[in-house]
$ cat coords-v1.tsv   # TSV, C-alpha atoms
chain	number	residue	atom	x	y	z
A	1	MET	CA	85.58	165.54	31.62
A	2	MET	CA	82.82	167.68	33.17
A	3	ARG	CA	80.26	165.32	31.62
A	4	ASN	CA	81.71	162.45	33.63
A	5	ARG	CA	80.25	163.13	37.07
A	6	SER	CA	82.06	160.24	38.77
A	7	LEU	CA	85.42	161.52	37.60
A	8	VAL	CA	84.70	165.12	38.65
A	9	ILE	CA	83.21	164.31	42.06
A	10	GLY	CA	85.84	161.68	42.81
A	11	GLY	CA	88.61	164.04	41.74
A	12	VAL	CA	87.29	166.81	44.00
A	13	LEU	CA	86.99	164.52	47.03
A	14	VAL	CA	90.47	163.07	46.51
A	15	ALA	CA	91.86	166.58	46.00
A	16	LEU	CA	90.42	167.64	49.38
A	17	ILE	CA	92.14	164.70	51.11
A	18	VAL	CA	95.44	165.42	49.35
A	19	LEU	CA	95.18	169.14	50.16
A	20	ALA	CA	94.64	168.42	53.86
A	21	ALA	CA	97.61	166.02	53.88
A	22	VAL	CA	99.95	168.43	52.07
A	23	LEU	CA	98.86	171.37	54.23
A	24	SER	CA	99.60	169.37	57.39
A	25	PHE	CA	103.32	169.38	56.49
A	26	VAL	CA	103.50	173.16	56.90
A	27	TRP	CA	100.52	174.07	59.11
A	28	THR	CA	98.00	172.64	61.55
A	29	PRO	CA	95.82	174.65	63.96
A	30	PHE	CA	97.57	173.02	66.94
A	31	ASP	CA	100.22	170.42	67.63
A	32	PRO	CA	98.29	167.19	66.87
A	33	VAL	CA	100.12	165.15	69.52
A	34	ARG	CA	100.22	167.71	72.33
A	35	VAL	CA	98.24	166.55	75.36
A	36	ASP	CA	96.27	169.31	77.10
A	37	ALA	CA	94.29	167.78	79.99
A	38	PRO	CA	92.39	170.95	81.02
A	39	ASN	CA	91.17	171.28	77.43
A	40	ARG	CA	89.88	167.73	77.06
A	41	LEU	CA	86.53	166.85	75.44
A	42	HIS	CA	85.67	170.39	74.42
A	43	GLU	CA	82.94	170.70	71.80
A	44	PHE	CA	83.14	172.80	68.62
A	45	SER	CA	84.52	176.27	69.27
A	46	GLY	CA	86.24	179.14	67.52
A	47	SER	CA	89.71	177.96	68.52
A	48	ASN	CA	89.01	174.23	68.10
A	49	LEU	CA	86.72	173.97	65.09
A	50	LEU	CA	86.13	170.23	65.56
A	51	GLY	CA	86.66	170.20	69.32
A	52	THR	CA	89.21	168.23	71.30
A	53	ASP	CA	89.51	164.55	72.20
A	54	SER	CA	89.86	162.81	75.56
A	55	PHE	CA	93.52	163.88	75.81
A	56	GLY	CA	92.84	167.50	74.92
A	57	ARG	CA	94.32	167.16	71.43
A	58	ASP	CA	92.82	169.20	68.60
A	59	VAL	CA	90.64	166.92	66.43
A	60	LEU	CA	91.09	168.97	63.24
A	61	SER	CA	94.88	168.83	63.55
A	62	GLN	CA	94.75	165.07	64.07
A	63	LEU	CA	92.43	164.71	61.09
A	64	MET	CA	94.83	166.59	58.81
A	65	VAL	CA	97.89	164.58	59.87
A	66	GLY	CA	95.81	161.40	59.73
A	67	ALA	CA	95.12	162.14	56.05
A	68	ARG	CA	98.87	162.18	55.50
A	69	THR	CA	99.24	158.79	57.17
A	70	THR	CA	96.38	157.35	55.11
A	71	LEU	CA	97.81	158.56	51.80
A	72	TYR	CA	101.29	157.37	52.77
A	73	VAL	CA	100.03	153.86	53.46
A	74	GLY	CA	97.93	153.85	50.29
A	75	VAL	CA	100.73	155.02	48.01
A	76	VAL	CA	103.27	152.53	49.34
A	77	ALA	CA	100.81	149.60	49.44
A	78	VAL	CA	99.51	150.22	45.92
A	79	GLY	CA	103.06	150.83	44.70
A	80	ILE	CA	104.21	147.46	46.05
A	81	ALA	CA	101.21	145.71	44.50
A	82	ALA	CA	101.64	147.39	41.11
A	83	LEU	CA	105.41	146.91	40.87
A	84	ILE	CA	105.15	143.19	41.67
A	85	GLY	CA	101.72	142.24	40.36
A	86	THR	CA	101.99	143.92	36.95
A	87	PRO	CA	105.17	142.12	35.81
A	88	LEU	CA	103.78	138.82	37.11
A	89	GLY	CA	100.56	139.32	35.17
A	90	ILE	CA	102.41	140.25	31.97
A	91	LEU	CA	104.70	137.24	32.42
A	92	ALA	CA	101.71	134.94	32.87
A	93	GLY	CA	100.05	136.38	29.77
A	94	MET	CA	103.11	136.15	27.51
A	95	SER	CA	104.57	132.84	28.70
A	96	SER	CA	103.67	129.27	27.83
A	97	ARG	CA	100.40	127.92	29.11
A	98	TRP	CA	101.87	125.82	31.94
A	99	LEU	CA	104.02	128.69	33.25
A	100	GLY	CA	101.11	131.10	33.08
A	101	GLU	CA	98.88	128.68	34.97
A	102	PHE	CA	101.56	128.14	37.60
A	103	VAL	CA	101.95	131.89	38.17
A	104	MET	CA	98.21	132.37	38.48
A	105	ARG	CA	97.82	129.45	40.90
A	106	VAL	CA	100.46	131.01	43.15
A	107	ASN	CA	98.54	134.25	42.73
A	108	ASP	CA	95.36	132.50	43.89
A	109	LEU	CA	97.21	131.18	46.93
A	110	VAL	CA	98.13	134.72	48.00
A	111	LEU	CA	94.55	135.82	47.26
A	112	ALA	CA	93.30	133.32	49.86
A	113	PHE	CA	94.77	135.53	52.62
A	114	PRO	CA	92.74	138.72	53.23
A	115	ALA	CA	94.71	141.90	53.78
A	116	LEU	CA	93.61	142.24	57.41
A	117	LEU	CA	94.54	138.67	58.29
A	118	LEU	CA	97.90	138.98	56.55
A	119	ALA	CA	98.61	142.26	58.34
A	120	ILE	CA	97.74	140.74	61.72
A	121	MET	CA	100.07	137.81	60.99
A	122	PHE	CA	102.86	140.19	59.94
A	123	GLY	CA	102.25	142.30	63.04
A	124	ALA	CA	102.58	139.27	65.30
A	125	VAL	CA	105.89	138.29	63.68
A	126	PHE	CA	107.54	141.63	62.86
A	127	GLY	CA	105.71	143.99	65.20
A	128	ALA	CA	102.63	146.06	64.52
A	129	ASP	CA	103.39	149.45	62.94
A	130	THR	CA	102.69	151.50	59.82
A	131	LEU	CA	105.44	149.85	57.76
A	132	THR	CA	104.22	146.34	58.53
A	133	ALA	CA	100.63	147.32	57.73
A	134	MET	CA	101.36	148.83	54.33
A	135	VAL	CA	103.67	145.97	53.28
A	136	ALA	CA	100.98	143.44	54.23
A	137	ILE	CA	98.28	145.41	52.41
A	138	GLY	CA	100.54	145.69	49.37
A	139	ILE	CA	101.24	141.94	49.28
A	140	ALA	CA	97.53	141.15	49.64
A	141	THR	CA	96.75	143.47	46.70
A	142	ILE	CA	99.30	141.90	44.32
A	143	PRO	CA	96.83	139.28	42.97
A	144	SER	CA	94.42	141.99	41.81
A	145	PHE	CA	97.08	143.67	39.68
A	146	ALA	CA	98.35	140.33	38.39
A	147	ARG	CA	94.88	139.28	37.24
A	148	ILE	CA	94.20	142.60	35.51
A	149	ALA	CA	97.63	142.62	33.85
A	150	ARG	CA	97.29	139.02	32.63
A	151	SER	CA	93.82	139.60	31.22
A	152	GLY	CA	94.94	142.73	29.37
A	153	THR	CA	98.12	141.05	28.13
A	154	LEU	CA	96.21	138.14	26.62
A	155	GLN	CA	94.03	140.58	24.68
A	156	VAL	CA	97.00	142.62	23.44
A	157	MET	CA	99.01	139.55	22.45
A	158	SER	CA	96.27	138.50	20.02
A	159	SER	CA	96.28	141.87	18.23
A	160	GLU	CA	97.73	142.33	14.75
A	161	PHE	CA	100.46	144.80	15.71
A	162	VAL	CA	101.87	142.36	18.28
A	163	LEU	CA	101.77	139.53	15.73
A	164	ALA	CA	103.65	141.82	13.33
A	165	ALA	CA	106.23	142.63	15.99
A	166	ARG	CA	106.76	138.94	16.70
A	167	SER	CA	107.13	138.25	12.98
A	168	ALA	CA	109.79	140.97	12.83
A	169	GLY	CA	111.79	139.11	15.47
A	170	ARG	CA	111.17	141.45	18.41
A	171	SER	CA	112.03	139.95	21.79
A	172	ARG	CA	109.38	139.38	24.45
A	173	PRO	CA	110.78	142.06	26.78
A	174	ASN	CA	110.70	144.52	23.89
A	175	ILE	CA	107.09	143.63	23.04
A	176	ALA	CA	106.10	143.86	26.70
A	177	ALA	CA	107.66	147.31	27.09
A	178	ARG	CA	106.62	148.84	23.77
A	179	HIS	CA	103.24	147.26	23.12
A	180	VAL	CA	101.76	145.43	26.10
A	181	LEU	CA	102.40	147.82	28.99
A	182	PRO	CA	101.22	151.00	27.19
A	183	ASN	CA	98.02	149.26	26.11
A	184	ILE	CA	97.11	147.97	29.57
A	185	SER	CA	98.15	151.11	31.47
A	186	GLY	CA	94.55	152.35	31.55
A	187	LEU	CA	93.39	149.17	33.26
A	188	LEU	CA	96.21	149.44	35.77
A	189	ILE	CA	95.38	153.07	36.60
A	190	VAL	CA	91.77	152.15	37.32
A	191	GLN	CA	92.88	149.20	39.45
A	192	ALA	CA	95.26	151.47	41.36
A	193	SER	CA	92.48	153.90	42.29
A	194	VAL	CA	90.20	151.09	43.45
A	195	SER	CA	93.02	149.43	45.38
A	196	PHE	CA	93.79	152.76	47.04
A	197	ALA	CA	90.26	152.84	48.45
A	198	ILE	CA	90.71	149.31	49.77
A	199	ALA	CA	94.04	150.29	51.33
A	200	VAL	CA	92.40	153.25	53.10
A	201	LEU	CA	89.80	150.95	54.66
A	202	ALA	CA	92.39	148.31	55.56
A	203	GLU	CA	94.69	150.83	57.26
A	204	ALA	CA	91.81	152.29	59.25
A	205	ALA	CA	90.66	148.82	60.32
A	206	LEU	CA	94.17	147.79	61.35
A	207	SER	CA	94.72	150.97	63.36
A	208	PHE	CA	91.32	150.46	64.98
A	209	LEU	CA	92.36	146.94	66.01
A	210	GLY	CA	95.76	148.09	67.23
A	211	PHE	CA	97.81	146.54	64.40
A	212	GLY	CA	98.39	149.68	62.36
A	213	THR	CA	99.87	153.09	63.06
A	214	ARG	CA	101.33	153.38	66.53
A	215	PRO	CA	100.62	156.29	68.87
A	216	PRO	CA	101.27	159.14	69.05
A	217	THR	CA	101.16	159.38	65.25
A	218	PRO	CA	97.59	160.40	64.32
A	219	SER	CA	95.53	157.88	62.36
A	220	TRP	CA	91.87	157.93	61.41
A	221	GLY	CA	91.43	154.33	62.51
A	222	ARG	CA	92.93	154.95	65.94
A	223	MET	CA	90.82	158.09	66.31
A	224	LEU	CA	87.81	155.80	65.89
A	225	GLN	CA	89.22	153.36	68.42
A	226	GLU	CA	89.82	156.05	71.06
A	227	SER	CA	86.30	157.44	70.57
A	228	GLN	CA	84.47	154.24	71.50
A	229	VAL	CA	84.46	154.97	75.25
A	230	PHE	CA	82.83	158.36	74.66
A	231	LEU	CA	80.51	157.30	71.84
A	232	THR	CA	77.31	158.11	73.76
A	233	LEU	CA	78.30	161.47	75.23
A	234	HIS	CA	80.59	162.71	72.45
A	235	PRO	CA	79.59	161.03	69.15
A	236	ARG	CA	81.51	163.66	67.15
A	237	LEU	CA	84.78	161.93	68.12
A	238	ALA	CA	83.73	158.95	66.02
A	239	LEU	CA	81.73	160.88	63.44
A	240	VAL	CA	84.63	163.09	62.30
A	241	PRO	CA	87.14	160.32	61.38
A	242	GLY	CA	84.29	158.11	60.15
A	243	VAL	CA	83.16	160.75	57.68
A	244	ALA	CA	86.78	161.32	56.59
A	245	ILE	CA	87.24	157.62	55.86
A	246	ALA	CA	83.92	157.52	53.98
A	247	ILE	CA	84.89	160.56	51.88
A	248	ALA	CA	88.29	159.07	51.04
A	249	VAL	CA	86.87	155.67	50.05
A	250	LEU	CA	84.01	157.24	48.07
A	251	GLY	CA	86.39	159.63	46.34
A	252	PHE	CA	88.83	156.95	45.18
A	253	ASN	CA	86.00	154.63	44.10
A	254	LEU	CA	84.30	157.37	42.08
A	255	LEU	CA	87.66	158.35	40.62
A	256	GLY	CA	88.23	154.76	39.56
A	257	ASP	CA	84.79	154.56	37.95
A	258	GLY	CA	85.38	157.83	36.13
A	259	LEU	CA	88.80	156.78	34.87
A	260	ARG	CA	87.35	153.50	33.68
A	261	ASP	CA	84.71	155.37	31.68
A	262	ARG	CA	87.33	157.66	30.16
A	263	LEU	CA	89.98	155.06	29.42
A	264	ASP	CA	87.71	152.31	28.07
A	265	PRO	CA	87.05	153.21	24.40
A	266	ARG	CA	83.71	151.43	24.43
A	267	LEU	CA	82.47	153.45	27.40
A	268	ALA	CA	84.16	156.70	26.42
A	269	ALA	CA	82.26	156.75	23.14
A	270	ARG	CA	78.99	157.06	25.04
A	271	LEU	CA	80.06	160.08	27.10
$ encode --input "coords-v1.tsv" --output "structure tokens"
Amino acid sequence: MMRNRSLVIGGVLVALIVLAAVLSFVWTPFDPVRVDAPNRLHEFSGSNLLGTDSFGRDVLSQLMVGARTTLYVGVVAVGIAALIGTPLGILAGMSSRWLGEFVMRVNDLVLAFPALLLAIMFGAVFGADTLTAMVAIGIATIPSFARIARSGTLQVMSSEFVLAARSAGRSRPNIAARHVLPNISGLLIVQASVSFAIAVLAEAALSFLGFGTRPPTPSWGRMLQESQVFLTLHPRLALVPGVAIAIAVLGFNLLGDGLRDRLDPRLAARL
């Protein structure tokens, strides 16, 4: 594993984000939502390591709780996409040609709606909040999992052990559970890590536009939004959440690349 730099670096960066999120459940330097007007726009100091924002809130505390919000959205969105997209992809790969083509054409129809556009539409209909954002991101990510699952299923279905199972009279659900799903799990894990990075960006963009996490709950995207007025005089207000988003996206992308190298036998043999 240490020879796979992408996996190691990505794992460390993701671990830092997860550690900050978990730690925020039990401890933060200050109350992240407490407004302290006399303490507003303070620079780095011993008590406020990353300073305070325009409302006097501690930036480090907001950053830690914002990591929790980001991971929460990512886990739920990727979970929705995986739980719906994977069975659809396996169904398309194991069914007759016309049914498989129909499933994939519906999949392409959903793919035509970007996650941000879908989330904005959902926000206009159901109200903009964290739940709406992560459901919309999850639905928009379903096609990615369906495509990966279908491609892997088609490869597995042509293998000799699946042909033997079919000759033995095994049912399709049995073949899917015992042979197809275990053999495409590596592809799905890689897709999940990449989709997580996309979900992090989407949540930040939605919060920045006002369609994501509602105040006073801290969010990296809304921290960026609130910093725009003070961008010239206090660039750190935008730099801190911007760097956090970049680290999270880079970490999950590197983790996905590393997992791909480890789980793909053709690539793993070169490591």
$ closest_residue --input "coords-v1.tsv" --among "A:Leu233, A:Val59, A:Ala15, A:Ile9" --to "Arg34 in chain A" --atoms "only C-alpha atoms"
A:Val59
$ closest_atom_pairs --input "coords-v1.tsv" --of "range 187-206 of chain A" --to "range 147-159 of chain A" --cutoff "8 Å" --atoms "only C-alpha atoms" --output "tab-separated table"
residue	atom	partner	partner_atom	distance
A:Leu187	CA	A:Ile148	CA	7.0
A:Leu188	CA	A:Ile148	CA	7.1
A:Gln191	CA	A:Ile148	CA	7.8
$ atom_distance --input "coords-v1.tsv" --atom1 "CA of Gln225 in chain A" --atom2 "CA of Gly256 in chain A"
28.9 Å
$ residues_around --input "coords-v1.tsv" --residues "range 117-123 of chain A" --least-positions-apart "4" --cutoff "10 Å" --atoms "only C-alpha atoms" --output "VMD selection string"
chain A and resid 110 112 to 113 127 to 140 202 to 203 206 209 to 212
$ atom_distance --input "coords-v1.tsv" --atom1 "CA of Tyr72 in chain A" --atom2 "CA of Ile247 in chain A"
16.7 Å
$ atom_distance --input "coords-v1.tsv" --atom1 "CA of Asp261 in chain A" --atom2 "CA of Pro87 in chain A"
24.7 Å
$ residues_around --input "coords-v1.tsv" --residues "Ala67 in chain A" --least-positions-apart "4" --cutoff "7 Å" --atoms "all atoms listed in the file" --output "ChimeraX atom specification"
/A:17,20-21,63,71
$ axis_aligned_box --input "coords-v1.tsv" --around "range 152-157 of chain A" --padding-each-side "4 Å" --output "lines of an AutoDock Vina configuration file"
center_x = 96.5
center_y = 140.4
center_z = 25.9
size_x = 13.0
size_y = 12.6
size_z = 14.9
$ residues_around --input "coords-v1.tsv" --residues "Glu43 in chain A" --least-positions-apart "4" --cutoff "12 Å" --atoms "only C-alpha atoms" --output "PyMOL selection string"
chain A and resi 39+47-54+56-60+233-237
$ closest_residue --input "coords-v1.tsv" --among "A:Gly79, A:Pro182, A:Pro218, A:Pro29" --to "Ile142 in chain A" --atoms "only C-alpha atoms"
A:Gly79
$ closest_residue --input "coords-v1.tsv" --among "A:Trp220, A:Phe252, A:Trp27, A:Phe196" --to "Gly74 in chain A" --atoms "all atoms listed in the file"
A:Phe196
$ residues_around --input "coords-v1.tsv" --residues "Ala165 in chain A" --least-positions-apart "5" --cutoff "12 Å" --atoms "all atoms listed in the file" --output "VMD selection string"
chain A and resid 156 to 160 170 to 176 178 to 180
$ write_last_selection --input "coords-v1.tsv" --atoms "C-alpha atoms" --output "JSON list (two decimals), in the coordinates of the input"
[["chain", "number", "residue", "atom", "x", "y", "z"],
["A", 156, "VAL", "CA", 97.00, 142.62, 23.44],
["A", 157, "MET", "CA", 99.01, 139.55, 22.45],
["A", 158, "SER", "CA", 96.27, 138.50, 20.02],
["A", 159, "SER", "CA", 96.28, 141.87, 18.23],
["A", 160, "GLU", "CA", 97.73, 142.33, 14.75],
["A", 170, "ARG", "CA", 111.17, 141.45, 18.41],
["A", 171, "SER", "CA", 112.03, 139.95, 21.79],
["A", 172, "ARG", "CA", 109.38, 139.38, 24.45],
["A", 173, "PRO", "CA", 110.78, 142.06, 26.78],
["A", 174, "ASN", "CA", 110.70, 144.52, 23.89],
["A", 175, "ILE", "CA", 107.09, 143.63, 23.04],
["A", 176, "ALA", "CA", 106.10, 143.86, 26.70],
["A", 178, "ARG", "CA", 106.62, 148.84, 23.77],
["A", 179, "HIS", "CA", 103.24, 147.26, 23.12],
["A", 180, "VAL", "CA", 101.76, 145.43, 26.10]]
$ closest_residue --input "coords-v1.tsv" --among "A:Leu7, A:Leu231, A:Leu99, A:Val73" --to "Ile198 in chain A" --atoms "all atoms listed in the file"
A:Val73
$ residues_around --input "coords-v1.tsv" --residues "Ser6 in chain A" --least-positions-apart "4" --cutoff "8 Å" --atoms "all atoms listed in the file" --output "number ranges by chain"
A: 10, 254-255, 257-258
$ write_last_selection --input "coords-v1.tsv" --atoms "C-alpha atoms" --output "JSON list (two decimals), keeping the file's coordinate frame"
[["chain", "number", "residue", "atom", "x", "y", "z"],
["A", 10, "GLY", "CA", 85.84, 161.68, 42.81],
["A", 254, "LEU", "CA", 84.30, 157.37, 42.08],
["A", 255, "LEU", "CA", 87.66, 158.35, 40.62],
["A", 257, "ASP", "CA", 84.79, 154.56, 37.95],
["A", 258, "GLY", "CA", 85.38, 157.83, 36.13]]
